[in-house]
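Listing of data20.pdb; format and content: PDB, C-alpha atoms.
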ATOM      1  CA  MET A 308      24.364  21.616  -3.257  1.00  0.00           C
ATOM      2  CA  THR A 309      21.642  19.802  -5.218  1.00  0.00           C
ATOM      3  CA  GLU A 310      18.253  19.852  -3.543  1.00  0.00           C
ATOM      4  CA  LYS A 311      17.094  16.376  -2.582  1.00  0.00           C
ATOM      5  CA  ARG A 312      13.856  15.055  -4.038  1.00  0.00           C
ATOM      6  CA  VAL A 313      10.785  14.891  -1.794  1.00  0.00           C
ATOM      7  CA  ILE A 314       8.037  12.408  -2.639  1.00  0.00           C
ATOM      8  CA  LYS A 315       4.579  12.067  -1.143  1.00  0.00           C
ATOM      9  CA  VAL A 316       3.405   8.466  -0.638  1.00  0.00           C
ATOM     10  CA  LEU A 317       0.085   7.057   0.510  1.00  0.00           C
ATOM     11  CA  SER A 318      -0.814   3.593   1.804  1.00  0.00           C
ATOM     12  CA  TYR A 319      -4.477   2.578   1.861  1.00  0.00           C
ATOM     13  CA  ASN A 320      -6.555  -0.586   2.184  1.00  0.00           C
ATOM     14  CA  ILE A 321      -9.535   0.499   0.064  1.00  0.00           C
ATOM     15  CA  HIS A 322     -11.752  -2.458   1.118  1.00  0.00           C
ATOM     16  CA  LYS A 323     -12.652  -3.197  -2.529  1.00  0.00           C
ATOM     17  CA  GLY A 324     -14.187   0.235  -2.954  1.00  0.00           C
ATOM     18  CA  LEU A 325     -16.927  -0.457  -0.434  1.00  0.00           C
ATOM     19  CA  GLY A 326     -17.764   1.296   2.819  1.00  0.00           C
ATOM     20  CA  VAL A 327     -17.939  -0.345   6.214  1.00  0.00           C
ATOM     21  CA  GLY A 328     -20.292  -3.329   6.118  1.00  0.00           C
ATOM     22  CA  ASN A 329     -20.130  -3.452   2.299  1.00  0.00           C
ATOM     23  CA  ARG A 330     -23.337  -1.444   2.088  1.00  0.00           C
ATOM     24  CA  ALA A 331     -22.163   1.546   0.031  1.00  0.00           C
ATOM     25  CA  PHE A 332     -20.161   1.767  -3.189  1.00  0.00           C
ATOM     26  CA  THR A 333     -17.488   4.309  -2.287  1.00  0.00           C
ATOM     27  CA  LEU A 334     -14.870   3.931  -5.035  1.00  0.00           C
ATOM     28  CA  PRO A 335     -15.743   7.190  -6.903  1.00  0.00           C
ATOM     29  CA  HIS A 336     -15.524   9.079  -3.594  1.00  0.00           C
ATOM     30  CA  ILE A 337     -12.188   7.401  -2.834  1.00  0.00           C
ATOM     31  CA  ARG A 338     -10.910   8.535  -6.230  1.00  0.00           C
ATOM     32  CA  ASP A 339     -11.994  12.131  -5.581  1.00  0.00           C
ATOM     33  CA  ALA A 340     -10.433  12.155  -2.112  1.00  0.00           C
ATOM     34  CA  LEU A 341      -7.137  10.703  -3.356  1.00  0.00           C
ATOM     35  CA  ARG A 342      -6.916  13.232  -6.179  1.00  0.00           C
ATOM     36  CA  GLY A 343      -7.366  16.010  -3.662  1.00  0.00           C
ATOM     37  CA  LEU A 344      -4.224  14.806  -1.850  1.00  0.00           C
ATOM     38  CA  GLN A 345      -2.128  14.386  -5.019  1.00  0.00           C
ATOM     39  CA  PRO A 346       0.347  11.793  -3.687  1.00  0.00           C
ATOM     40  CA  ASP A 347       3.191  10.816  -5.986  1.00  0.00           C
ATOM     41  CA  ILE A 348       2.990   7.079  -5.278  1.00  0.00           C
ATOM     42  CA  LEU A 349       0.073   5.072  -3.866  1.00  0.00           C
ATOM     43  CA  PHE A 350       0.290   1.644  -2.217  1.00  0.00           C
ATOM     44  CA  LEU A 351      -3.224   0.142  -2.322  1.00  0.00           C
ATOM     45  CA  GLN A 352      -4.579  -3.104  -0.893  1.00  0.00           C
ATOM     46  CA  GLU A 353      -7.846  -5.009  -1.479  1.00  0.00           C
ATOM     47  CA  VAL A 354      -8.143  -3.658  -5.009  1.00  0.00           C
ATOM     48  CA  LEU A 355     -10.634  -5.434  -7.235  1.00  0.00           C
ATOM     49  CA  GLY A 356      -9.578  -6.366 -10.721  1.00  0.00           C
ATOM     50  CA  GLN A 357     -12.999  -7.825 -11.449  1.00  0.00           C
ATOM     51  CA  HIS A 358     -16.170  -8.651  -9.488  1.00  0.00           C
ATOM     52  CA  GLU A 359     -19.222  -9.663 -11.511  1.00  0.00           C
ATOM     53  CA  LYS A 360     -21.576  -9.775  -8.505  1.00  0.00           C
ATOM     54  CA  HIS A 361     -20.714  -6.260  -7.314  1.00  0.00           C
ATOM     55  CA  ALA A 362     -20.914  -4.994 -10.903  1.00  0.00           C
ATOM     56  CA  SER A 363     -24.546  -6.144 -11.113  1.00  0.00           C
ATOM     57  CA  ARG A 364     -25.407  -5.003  -7.578  1.00  0.00           C
ATOM     58  CA  PHE A 365     -24.043  -1.428  -7.507  1.00  0.00           C
ATOM     59  CA  HIS A 366     -25.093   1.306  -9.916  1.00  0.00           C
ATOM     60  CA  GLY A 367     -22.169   2.988 -11.645  1.00  0.00           C
ATOM     61  CA  TRP A 368     -19.719   0.130 -11.118  1.00  0.00           C
ATOM     62  CA  PRO A 369     -16.763   0.875 -13.444  1.00  0.00           C
ATOM     63  CA  THR A 370     -15.949  -1.287 -16.426  1.00  0.00           C
ATOM     64  CA  LEU A 371     -12.246  -0.736 -15.725  1.00  0.00           C
ATOM     65  CA  PRO A 372     -10.311  -2.627 -13.022  1.00  0.00           C
ATOM     66  CA  GLN A 373     -10.295  -0.548  -9.845  1.00  0.00           C
ATOM     67  CA  SER A 374      -6.580   0.237 -10.140  1.00  0.00           C
ATOM     68  CA  ASP A 375      -7.118   1.719 -13.626  1.00  0.00           C
ATOM     69  CA  PHE A 376     -10.279   3.556 -12.546  1.00  0.00           C
ATOM     70  CA  LEU A 377      -8.402   5.237  -9.703  1.00  0.00           C
ATOM     71  CA  ALA A 378      -5.305   5.961 -11.790  1.00  0.00           C
ATOM     72  CA  GLU A 379      -7.051   7.346 -14.878  1.00  0.00           C
ATOM     73  CA  GLY A 380      -6.106  10.962 -15.551  1.00  0.00           C
ATOM     74  CA  ALA A 381      -4.034  11.365 -12.374  1.00  0.00           C
ATOM     75  CA  TRP A 382      -1.394   8.631 -12.135  1.00  0.00           C
ATOM     76  CA  PRO A 383      -0.165   7.580 -15.582  1.00  0.00           C
ATOM     77  CA  HIS A 384       1.662   4.485 -14.337  1.00  0.00           C
ATOM     78  CA  ALA A 385      -0.052   1.591 -12.539  1.00  0.00           C
ATOM     79  CA  ALA A 386       0.783  -1.977 -11.542  1.00  0.00           C
ATOM     80  CA  TYR A 387      -1.709  -4.545 -10.256  1.00  0.00           C
ATOM     81  CA  GLY A 388      -0.909  -7.834  -8.546  1.00  0.00           C
ATOM     82  CA  LYS A 389      -3.705 -10.425  -8.644  1.00  0.00           C
ATOM     83  CA  ASN A 390      -3.742 -12.426  -5.397  1.00  0.00           C
ATOM     84  CA  ALA A 391      -7.225 -13.789  -4.602  1.00  0.00           C
ATOM     85  CA  ILE A 392      -9.009 -15.455  -7.530  1.00  0.00           C
ATOM     86  CA  TYR A 393     -12.595 -16.691  -7.355  1.00  0.00           C
ATOM     87  CA  SER A 394     -15.352 -17.649  -9.792  1.00  0.00           C
ATOM     88  CA  HIS A 395     -16.752 -14.122 -10.127  1.00  0.00           C
ATOM     89  CA  GLY A 396     -13.539 -12.100 -10.030  1.00  0.00           C
ATOM     90  CA  HIS A 397     -10.229 -11.354  -8.328  1.00  0.00           C
ATOM     91  CA  HIS A 398      -8.491  -8.799  -6.126  1.00  0.00           C
ATOM     92  CA  GLY A 399      -5.002  -7.915  -4.929  1.00  0.00           C
ATOM     93  CA  ASN A 400      -2.559  -5.045  -4.423  1.00  0.00           C
ATOM     94  CA  ALA A 401      -1.827  -2.070  -6.673  1.00  0.00           C
ATOM     95  CA  ILE A 402       0.817   0.632  -6.978  1.00  0.00           C
ATOM     96  CA  LEU A 403      -0.058   3.881  -8.770  1.00  0.00           C
ATOM     97  CA  SER A 404       2.675   6.348  -9.670  1.00  0.00           C
ATOM     98  CA  LYS A 405       3.248   9.732 -11.279  1.00  0.00           C
ATOM     99  CA  TYR A 406       6.672   8.412 -12.311  1.00  0.00           C
ATOM    100  CA  PRO A 407       7.487   5.567 -14.711  1.00  0.00           C
ATOM    101  CA  ILE A 408       7.233   2.017 -13.399  1.00  0.00           C
ATOM    102  CA  VAL A 409      10.022   0.379 -15.370  1.00  0.00           C
ATOM    103  CA  GLU A 410       9.262  -3.142 -14.157  1.00  0.00           C
ATOM    104  CA  PHE A 411       7.103  -4.954 -11.625  1.00  0.00           C
ATOM    105  CA  GLU A 412       6.484  -8.444 -10.298  1.00  0.00           C
ATOM    106  CA  ASN A 413       3.826  -9.934  -8.046  1.00  0.00           C
ATOM    107  CA  ILE A 414       5.125 -12.577  -5.636  1.00  0.00           C
ATOM    108  CA  ASP A 415       2.688 -15.091  -4.139  1.00  0.00           C
ATOM    109  CA  ILE A 416       3.259 -15.362  -0.371  1.00  0.00           C
ATOM    110  CA  SER A 417       0.046 -17.193   0.544  1.00  0.00           C
ATOM    111  CA  THR A 418       0.383 -19.630   3.433  1.00  0.00           C
ATOM    112  CA  ASN A 419      -3.126 -21.114   3.555  1.00  0.00           C
ATOM    113  CA  ALA A 420      -6.171 -21.662   1.359  1.00  0.00           C
ATOM    114  CA  PHE A 421      -8.222 -18.927   3.034  1.00  0.00           C
ATOM    115  CA  GLU A 422      -5.886 -15.913   2.713  1.00  0.00           C
ATOM    116  CA  SER A 423      -4.415 -15.206  -0.717  1.00  0.00           C
ATOM    117  CA  ARG A 424      -1.577 -12.736  -0.196  1.00  0.00           C
ATOM    118  CA  GLY A 425       1.179 -11.180  -2.275  1.00  0.00           C
ATOM    119  CA  ILE A 426       4.068  -8.748  -2.475  1.00  0.00           C
ATOM    120  CA  LEU A 427       3.769  -6.363  -5.421  1.00  0.00           C
ATOM    121  CA  HIS A 428       7.288  -5.138  -6.178  1.00  0.00           C
ATOM    122  CA  ALA A 429       7.560  -2.178  -8.544  1.00  0.00           C
ATOM    123  CA  VAL A 430      10.756  -0.460  -9.663  1.00  0.00           C
ATOM    124  CA  ILE A 431      10.188   3.258 -10.276  1.00  0.00           C
ATOM    125  CA  GLN A 432      12.499   5.609 -12.139  1.00  0.00           C
ATOM    126  CA  LEU A 433      12.393   9.080 -10.640  1.00  0.00           C
ATOM    127  CA  PRO A 434      13.341  11.854 -13.088  1.00  0.00           C
ATOM    128  CA  GLY A 435      16.957  12.936 -12.730  1.00  0.00           C
ATOM    129  CA  GLU A 436      17.849  10.191 -10.251  1.00  0.00           C
ATOM    130  CA  VAL A 437      20.607   7.703 -11.059  1.00  0.00           C
ATOM    131  CA  VAL A 438      19.291   4.819  -8.947  1.00  0.00           C
ATOM    132  CA  PRO A 439      15.700   3.541  -9.073  1.00  0.00           C
ATOM    133  CA  LEU A 440      13.208   3.577  -6.205  1.00  0.00           C
ATOM    134  CA  HIS A 441      11.960   0.152  -5.116  1.00  0.00           C
ATOM    135  CA  CYS A 442       8.356   0.029  -3.906  1.00  0.00           C
ATOM    136  CA  MET A 443       6.750  -3.033  -2.337  1.00  0.00           C
ATOM    137  CA  CYS A 444       3.032  -3.139  -1.533  1.00  0.00           C
ATOM    138  CA  VAL A 445       2.004  -5.886   0.888  1.00  0.00           C
ATOM    139  CA  HIS A 446      -1.042  -7.314   2.630  1.00  0.00           C
ATOM    140  CA  LEU A 447      -0.190  -9.939   5.250  1.00  0.00           C
ATOM    141  CA  ASN A 448      -2.112 -12.663   7.074  1.00  0.00           C
ATOM    142  CA  MET A 449      -4.416 -12.230  10.038  1.00  0.00           C
ATOM    143  CA  LEU A 450      -2.686 -14.945  12.082  1.00  0.00           C
ATOM    144  CA  ARG A 451       0.855 -14.462  13.361  1.00  0.00           C
ATOM    145  CA  LYS A 452       2.263 -17.789  12.219  1.00  0.00           C
ATOM    146  CA  GLY A 453       1.448 -16.964   8.619  1.00  0.00           C
ATOM    147  CA  ARG A 454       2.653 -13.368   9.002  1.00  0.00           C
ATOM    148  CA  ASP A 455       5.990 -14.541  10.354  1.00  0.00           C
ATOM    149  CA  ALA A 456       6.499 -16.738   7.304  1.00  0.00           C
ATOM    150  CA  GLN A 457       5.508 -13.852   5.025  1.00  0.00           C
ATOM    151  CA  LEU A 458       7.869 -11.420   6.746  1.00  0.00           C
ATOM    152  CA  LYS A 459      10.650 -13.919   6.104  1.00  0.00           C
ATOM    153  CA  GLN A 460       9.706 -13.993   2.411  1.00  0.00           C
ATOM    154  CA  LEU A 461       9.579 -10.193   2.321  1.00  0.00           C
ATOM    155  CA  CYS A 462      13.051  -9.906   3.820  1.00  0.00           C
ATOM    156  CA  TRP A 463      14.383 -12.484   1.381  1.00  0.00           C
ATOM    157  CA  ARG A 464      12.895 -10.566  -1.542  1.00  0.00           C
ATOM    158  CA  VAL A 465      14.556  -7.328  -0.392  1.00  0.00           C
ATOM    159  CA  MET A 466      17.929  -8.974   0.208  1.00  0.00           C
ATOM    160  CA  LYS A 467      17.773 -10.677  -3.195  1.00  0.00           C
ATOM    161  CA  SER A 468      16.450  -7.794  -5.313  1.00  0.00           C
ATOM    162  CA  VAL A 469      17.353  -4.423  -3.744  1.00  0.00           C
ATOM    163  CA  SER A 470      20.935  -3.237  -3.371  1.00  0.00           C
ATOM    164  CA  GLU A 471      21.930  -1.296  -0.271  1.00  0.00           C
ATOM    165  CA  HIS A 472      22.400   1.958  -2.197  1.00  0.00           C
ATOM    166  CA  GLU A 473      18.890   1.865  -3.743  1.00  0.00           C
ATOM    167  CA  PRO A 474      16.034   3.535  -1.806  1.00  0.00           C
ATOM    168  CA  LEU A 475      13.205   1.275  -0.680  1.00  0.00           C
ATOM    169  CA  ILE A 476       9.628   1.784   0.533  1.00  0.00           C
ATOM    170  CA  VAL A 477       7.549  -1.110   1.853  1.00  0.00           C
ATOM    171  CA  ALA A 478       3.965  -0.178   2.696  1.00  0.00           C
ATOM    172  CA  GLY A 479       0.593  -1.777   3.208  1.00  0.00           C
ATOM    173  CA  ASP A 480      -1.699  -3.619   5.573  1.00  0.00           C
ATOM    174  CA  PHE A 481       0.528  -5.729   7.817  1.00  0.00           C
ATOM    175  CA  ASN A 482      -2.295  -6.939  10.098  1.00  0.00           C
ATOM    176  CA  ASP A 483       0.367  -6.700  12.809  1.00  0.00           C
ATOM    177  CA  TRP A 484      -1.899  -5.897  15.738  1.00  0.00           C
ATOM    178  CA  GLN A 485       0.734  -7.299  18.124  1.00  0.00           C
ATOM    179  CA  GLU A 486       3.271  -4.812  16.667  1.00  0.00           C
ATOM    180  CA  SER A 487       6.038  -7.379  16.366  1.00  0.00           C
ATOM    181  CA  ALA A 488       7.078  -6.854  12.722  1.00  0.00           C
ATOM    182  CA  THR A 489       9.009  -3.587  13.046  1.00  0.00           C
ATOM    183  CA  LYS A 490      11.991  -4.843  15.027  1.00  0.00           C
ATOM    184  CA  ARG A 491      12.390  -7.849  12.768  1.00  0.00           C
ATOM    185  CA  LEU A 492      12.273  -5.749   9.597  1.00  0.00           C
ATOM    186  CA  PHE A 493      14.806  -3.280  10.977  1.00  0.00           C
ATOM    187  CA  ASP A 494      17.156  -6.040  12.137  1.00  0.00           C
ATOM    188  CA  ASP A 495      16.927  -8.032   8.901  1.00  0.00           C
ATOM    189  CA  ILE A 496      16.692  -5.426   6.120  1.00  0.00           C
ATOM    190  CA  GLY A 497      17.304  -2.076   7.842  1.00  0.00           C
ATOM    191  CA  VAL A 498      13.944  -0.406   7.189  1.00  0.00           C
ATOM    192  CA  LYS A 499      12.439   2.032   9.692  1.00  0.00           C
ATOM    193  CA  GLU A 500       8.727   2.586  10.213  1.00  0.00           C
ATOM    194  CA  VAL A 501       7.917   6.178   9.275  1.00  0.00           C
ATOM    195  CA  PHE A 502       5.165   6.882  11.808  1.00  0.00           C
ATOM    196  CA  LEU A 503       7.044   5.236  14.656  1.00  0.00           C
ATOM    197  CA  ASP A 504       9.985   7.486  13.799  1.00  0.00           C
ATOM    198  CA  LEU A 505       7.875  10.627  13.547  1.00  0.00           C
ATOM    199  CA  LEU A 506       5.245  10.108  16.256  1.00  0.00           C
ATOM    200  CA  GLY A 507       6.829   7.602  18.623  1.00  0.00           C
ATOM    201  CA  SER A 508       4.172   4.958  17.860  1.00  0.00           C
ATOM    202  CA  HIS A 509       2.676   3.118  14.929  1.00  0.00           C
ATOM    203  CA  ALA A 510      -0.370   4.768  13.389  1.00  0.00           C
ATOM    204  CA  SER A 511      -3.838   3.682  14.537  1.00  0.00           C
ATOM    205  CA  THR A 512      -5.819   2.945  11.370  1.00  0.00           C
ATOM    206  CA  PHE A 513      -8.491   0.317  12.058  1.00  0.00           C
ATOM    207  CA  PRO A 514     -11.451   0.495  12.202  1.00  0.00           C
ATOM    208  CA  SER A 515     -11.581   3.789  10.340  1.00  0.00           C
ATOM    209  CA  ALA A 516     -14.512   5.189  12.344  1.00  0.00           C
ATOM    210  CA  PHE A 517     -12.765   4.606  15.688  1.00  0.00           C
ATOM    211  CA  PRO A 518      -9.123   3.706  14.955  1.00  0.00           C
ATOM    212  CA  LEU A 519      -7.705   1.464  17.664  1.00  0.00           C
ATOM    213  CA  LEU A 520      -5.475  -1.109  15.966  1.00  0.00           C
ATOM    214  CA  ARG A 521      -2.145  -0.199  14.348  1.00  0.00           C
ATOM    215  CA  LEU A 522      -2.318  -2.403  11.258  1.00  0.00           C
ATOM    216  CA  ASP A 523      -1.055  -0.233   8.410  1.00  0.00           C
ATOM    217  CA  ARG A 524       2.597   0.728   8.010  1.00  0.00           C
ATOM    218  CA  VAL A 525       5.078   2.626   5.868  1.00  0.00           C
ATOM    219  CA  TYR A 526       8.635   1.262   6.150  1.00  0.00           C
ATOM    220  CA  ALA A 527      11.581   2.814   4.338  1.00  0.00           C
ATOM    221  CA  ARG A 528      15.328   3.014   3.988  1.00  0.00           C
ATOM    222  CA  GLY A 529      17.441   5.385   1.934  1.00  0.00           C
ATOM    223  CA  VAL A 530      14.933   8.149   2.661  1.00  0.00           C
ATOM    224  CA  ARG A 531      14.293  10.598   5.487  1.00  0.00           C
ATOM    225  CA  ALA A 532      10.796  11.049   6.906  1.00  0.00           C
ATOM    226  CA  LEU A 533       9.748  14.708   6.803  1.00  0.00           C
ATOM    227  CA  GLY A 534       6.128  14.332   7.841  1.00  0.00           C
ATOM    228  CA  GLY A 535       3.236  11.937   8.189  1.00  0.00           C
ATOM    229  CA  GLU A 536      -0.522  12.124   8.596  1.00  0.00           C
ATOM    230  CA  ILE A 537      -3.170   9.590   9.602  1.00  0.00           C
ATOM    231  CA  LEU A 538      -6.228  10.457   7.505  1.00  0.00           C
ATOM    232  CA  ASN A 539      -9.129   9.832   9.850  1.00  0.00           C
ATOM    233  CA  GLY A 540     -12.434  11.620  10.223  1.00  0.00           C
ATOM    234  CA  PRO A 541     -14.588  12.729   7.272  1.00  0.00           C
ATOM    235  CA  PRO A 542     -14.618  11.699   4.505  1.00  0.00           C
ATOM    236  CA  TRP A 543     -12.215   8.832   5.201  1.00  0.00           C
ATOM    237  CA  ASP A 544     -14.209   7.211   8.024  1.00  0.00           C
ATOM    238  CA  ALA A 545     -17.005   6.396   5.554  1.00  0.00           C
ATOM    239  CA  LEU A 546     -14.953   5.292   2.556  1.00  0.00           C
ATOM    240  CA  SER A 547     -13.229   2.093   3.805  1.00  0.00           C
ATOM    241  CA  ASP A 548     -12.733   0.153   7.027  1.00  0.00           C
ATOM    242  CA  HIS A 549      -9.091   1.342   7.167  1.00  0.00           C
ATOM    243  CA  ALA A 550      -7.751   4.877   7.458  1.00  0.00           C
ATOM    244  CA  PRO A 551      -5.051   5.828   4.920  1.00  0.00           C
ATOM    245  CA  LEU A 552      -1.510   6.921   5.777  1.00  0.00           C
ATOM    246  CA  LEU A 553       0.169   9.848   4.011  1.00  0.00           C
ATOM    247  CA  ALA A 554       3.911  10.468   4.342  1.00  0.00           C
ATOM    248  CA  GLN A 555       6.437  12.913   2.945  1.00  0.00           C
ATOM    249  CA  LEU A 556       9.827  11.327   2.313  1.00  0.00           C
ATOM    250  CA  GLU A 557      13.101  12.884   1.199  1.00  0.00           C
ATOM    251  CA  LEU A 558      15.524  10.754  -0.784  1.00  0.00           C
ATOM    252  CA  ASP A 559      18.716  10.283   1.203  1.00  0.00           C
ATOM    253  CA  VAL A 560      20.890   8.710  -1.496  1.00  0.00           C
TER
END
Mind turning this structure into structure tokens?
Amino acid sequence: MTEKRVIKVLSYNIHKGLGVGNRAFTLPHIRDALRGLQPDILFLQEVLGQHEKHASRFHGWPTLPQSDFLAEGAWPHAAYGKNAIYSHGHHGNAILSKYPIVEFENIDISTNAFESRGILHAVIQLPGEVVPLHCMCVHLNMLRKGRDAQLKQLCWRVMKSVSEHEPLIVAGDFNDWQESATKRLFDDIGVKEVFLDLLGSHASTFPSAFPLLRLDRVYARGVRALGGEILNGPPWDALSDHAPLLAQLELDV
């Protein structure tokens, strides 16, 4: 019997590489901490592509986009989806991968002028696997009405673009403090939330210093959850306002 592939995935809102209160530039420390974990695929939110004001304010600000700065030398494949655009820069979601990203698309799901949101959909070819792995990185609205509309768009994207025999991971900052998204996503597209499956509850990730709200999620189908960890405490509580989620998943296709 062929051994099934196990992949390690991480979801993290990096808060633009700034600590709580935007007082400290933490991106180099985030990079070091992520490299210590060695995940195979990273789903990142609030990733800066450019920010001229921060570049002049913080010593050592990288010349590369944050996704490339984090990926350099560790994850040879990276996709960035630009969502929020302003006069001095832009930010969005990113997916970093040890395995080839054969195609990707960023889908605008913004519902108002104040929250620019997107779904970054990357198709990853795992070595030796016949079918590709679909990865979607999301960051949804603060208000439920907008989130509901975005969940509908997410489900439509999955139904349109991912066949039932292809494995799928959807991860990111869902801002779902009311914890209403999981049932809808299971009913509509058949994904299960990894930490709910493993621990019996969604993971508490915000604020990182004293996690109370369960905002960040890892949903999947076509895989089996082997383990999951909420990365709180040092150094994570000083690096961003969210705690990252780390999960081990076994392909079930």
| message | Can you measure CA of Thr512 in chain A to CA of Trp484 in chain A for me? One decimal in Å is fine. | response |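 So the two atoms, CA of Thr512 in chain A and CA of Trp484 in chain A, lie 10.6 Å apart.
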| field | Selection under test: the PyMOL selection byres ((chain A and resi 436) around 10); residues as a ChimeraX atom specification | value | /A:311-312,432-435,437-440,558,560
Write the selection just made, keeping C-alpha atoms, as a PDB file, in the frame of the given file?
ATOM      1  CA  LYS A 311      17.094  16.376  -2.582  1.00  0.00           C
ATOM      2  CA  ARG A 312      13.856  15.055  -4.038  1.00  0.00           C
ATOM      3  CA  GLN A 432      12.499   5.609 -12.139  1.00  0.00           C
ATOM      4  CA  LEU A 433      12.393   9.080 -10.640  1.00  0.00           C
ATOM      5  CA  PRO A 434      13.341  11.854 -13.088  1.00  0.00           C
ATOM      6  CA  GLY A 435      16.957  12.936 -12.730  1.00  0.00           C
ATOM      7  CA  VAL A 437      20.607   7.703 -11.059  1.00  0.00           C
ATOM      8  CA  VAL A 438      19.291   4.819  -8.947  1.00  0.00           C
ATOM      9  CA  PRO A 439      15.700   3.541  -9.073  1.00  0.00           C
ATOM     10  CA  LEU A 440      13.208   3.577  -6.205  1.00  0.00           C
ATOM     11  CA  LEU A 558      15.524  10.754  -0.784  1.00  0.00           C
ATOM     12  CA  VAL A 560      20.890   8.710  -1.496  1.00  0.00           C
TER      13      VAL A 560
END
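Atom pair CA of Asp483 in chain A / CA of Phe332 in chain A has a distance of 27.4 Å (rounded to one decimal).
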| All residues 10 Å or closer to range 550-552 of chain A, only C-alpha atoms, same chain fewer than 5 positions away omitted, as an NGL selection string | :A and (316-321 or 341 or 349-351 or 478-479 or 502 or 510-518 or 522-525 or 535-540 or 543-545)
| field | Selection under test: the PyMOL selection byres ((chain A and resi 442-448) around 6); residues as a list in words | value |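 Applying the expression gives Phe350, Ile426, Leu427, His428, Ala429, His441, Met449, Leu450, Gly453, Arg454, Leu475, Ile476, Val477, Ala478, Gly479, Asp480 and Phe481 of chain A.
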Please produce an output containing C-alpha atoms for each residue in the selection, written as a PDB file, keeping the file's coordinate frame.
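Result saved to again-v3.pdb:
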ATOM      1  CA  PHE A 350       0.290   1.644  -2.217  1.00  0.00           C
ATOM      2  CA  ILE A 426       4.068  -8.748  -2.475  1.00  0.00           C
ATOM      3  CA  LEU A 427       3.769  -6.363  -5.421  1.00  0.00           C
ATOM      4  CA  HIS A 428       7.288  -5.138  -6.178  1.00  0.00           C
ATOM      5  CA  ALA A 429       7.560  -2.178  -8.544  1.00  0.00           C
ATOM      6  CA  HIS A 441      11.960   0.152  -5.116  1.00  0.00           C
ATOM      7  CA  MET A 449      -4.416 -12.230  10.038  1.00  0.00           C
ATOM      8  CA  LEU A 450      -2.686 -14.945  12.082  1.00  0.00           C
ATOM      9  CA  GLY A 453       1.448 -16.964   8.619  1.00  0.00           C
ATOM     10  CA  ARG A 454       2.653 -13.368   9.002  1.00  0.00           C
ATOM     11  CA  LEU A 475      13.205   1.275  -0.680  1.00  0.00           C
ATOM     12  CA  ILE A 476       9.628   1.784   0.533  1.00  0.00           C
ATOM     13  CA  VAL A 477       7.549  -1.110   1.853  1.00  0.00           C
ATOM     14  CA  ALA A 478       3.965  -0.178   2.696  1.00  0.00           C
ATOM     15  CA  GLY A 479       0.593  -1.777   3.208  1.00  0.00           C
ATOM     16  CA  ASP A 480      -1.699  -3.619   5.573  1.00  0.00           C
ATOM     17  CA  PHE A 481       0.528  -5.729   7.817  1.00  0.00           C
TER      18      PHE A 481
END
| task | Tell me, as a PyMOL selection string, which residues lie within 12 Å of range 366-382 of chain A, counting only C-alpha atoms; anything in the same chain fewer than 3 positions away does not count. | result | chain A and resi 321-325+331-363+385-389+396-408
The centre and edge lengths of an axis-aligned box containing all atoms of range 521-531 of chain A present in the file, extended by 8 Å on each side, are to be given in Å to one decimal, as JSON.
{"center_x": 7.6, "center_y": 4.1, "center_z": 8.1, "size_x": 35.8, "size_y": 29.0, "size_z": 28.4}
| field | Residue IDs satisfying the PyMOL selection byres ((chain A and resi 462) around 12), as a VMD selection string | value | chain A and resid 416 426 443 455 to 461 463 to 469 477 488 to 489 491 to 498
Produce a file of the selected residues containing C-alpha atoms, as a compact mmCIF listing (two decimals), in the frame of the given file.
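The file below, out32.txt, is the result:
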# COMPACT_ATOMS: atom_id res chain seq x y z
CA ILE A 416 3.26 -15.36 -0.37
CA ILE A 426 4.07 -8.75 -2.48
CA MET A 443 6.75 -3.03 -2.34
CA ASP A 455 5.99 -14.54 10.35
CA ALA A 456 6.50 -16.74 7.30
CA GLN A 457 5.51 -13.85 5.03
CA LEU A 458 7.87 -11.42 6.75
CA LYS A 459 10.65 -13.92 6.10
CA GLN A 460 9.71 -13.99 2.41
CA LEU A 461 9.58 -10.19 2.32
CA TRP A 463 14.38 -12.48 1.38
CA ARG A 464 12.90 -10.57 -1.54
CA VAL A 465 14.56 -7.33 -0.39
CA MET A 466 17.93 -8.97 0.21
CA LYS A 467 17.77 -10.68 -3.20
CA SER A 468 16.45 -7.79 -5.31
CA VAL A 469 17.35 -4.42 -3.74
CA VAL A 477 7.55 -1.11 1.85
CA ALA A 488 7.08 -6.85 12.72
CA THR A 489 9.01 -3.59 13.05
CA ARG A 491 12.39 -7.85 12.77
CA LEU A 492 12.27 -5.75 9.60
CA PHE A 493 14.81 -3.28 10.98
CA ASP A 494 17.16 -6.04 12.14
CA ASP A 495 16.93 -8.03 8.90
CA ILE A 496 16.69 -5.43 6.12
CA GLY A 497 17.30 -2.08 7.84
CA VAL A 498 13.94 -0.41 7.19
| message | Given all atoms listed in the file as the basis, pick out the residue of A:Arg528, A:Lys315, A:His395, A:Lys499 nearest to Glu473 in chain A. | response |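 With all atoms listed in the file as the atom set, the closest residue is A:Arg528.
Interatomic distance, CA of Asn329 in chain A against CA of Ala420 in chain A: 23.0 Å.
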| query | Excluding same-chain residues fewer than 3 positions from Gly425 in chain A, what lies within 6 Å of it counting all atoms listed in the file, as a PyMOL selection string? | reply | chain A and resi 390+414-416
| said: When you count only C-alpha atoms, which of these residues is closest to Glu486 in chain A: A:Arg521, A:Pro474, A:Val501, A:Ser394? | reply: A:Arg521
| In terms of the shortest atom-to-atom distance over all atoms listed in the file, which of A:Asn419, A:Arg364, A:Pro541, A:Val313 is closest to Ala554 in chain A? |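 Checking each of A:Asn419, A:Arg364, A:Pro541, A:Val313 against Ala554 in chain A, counting all atoms listed in the file, the winner is A:Val313.
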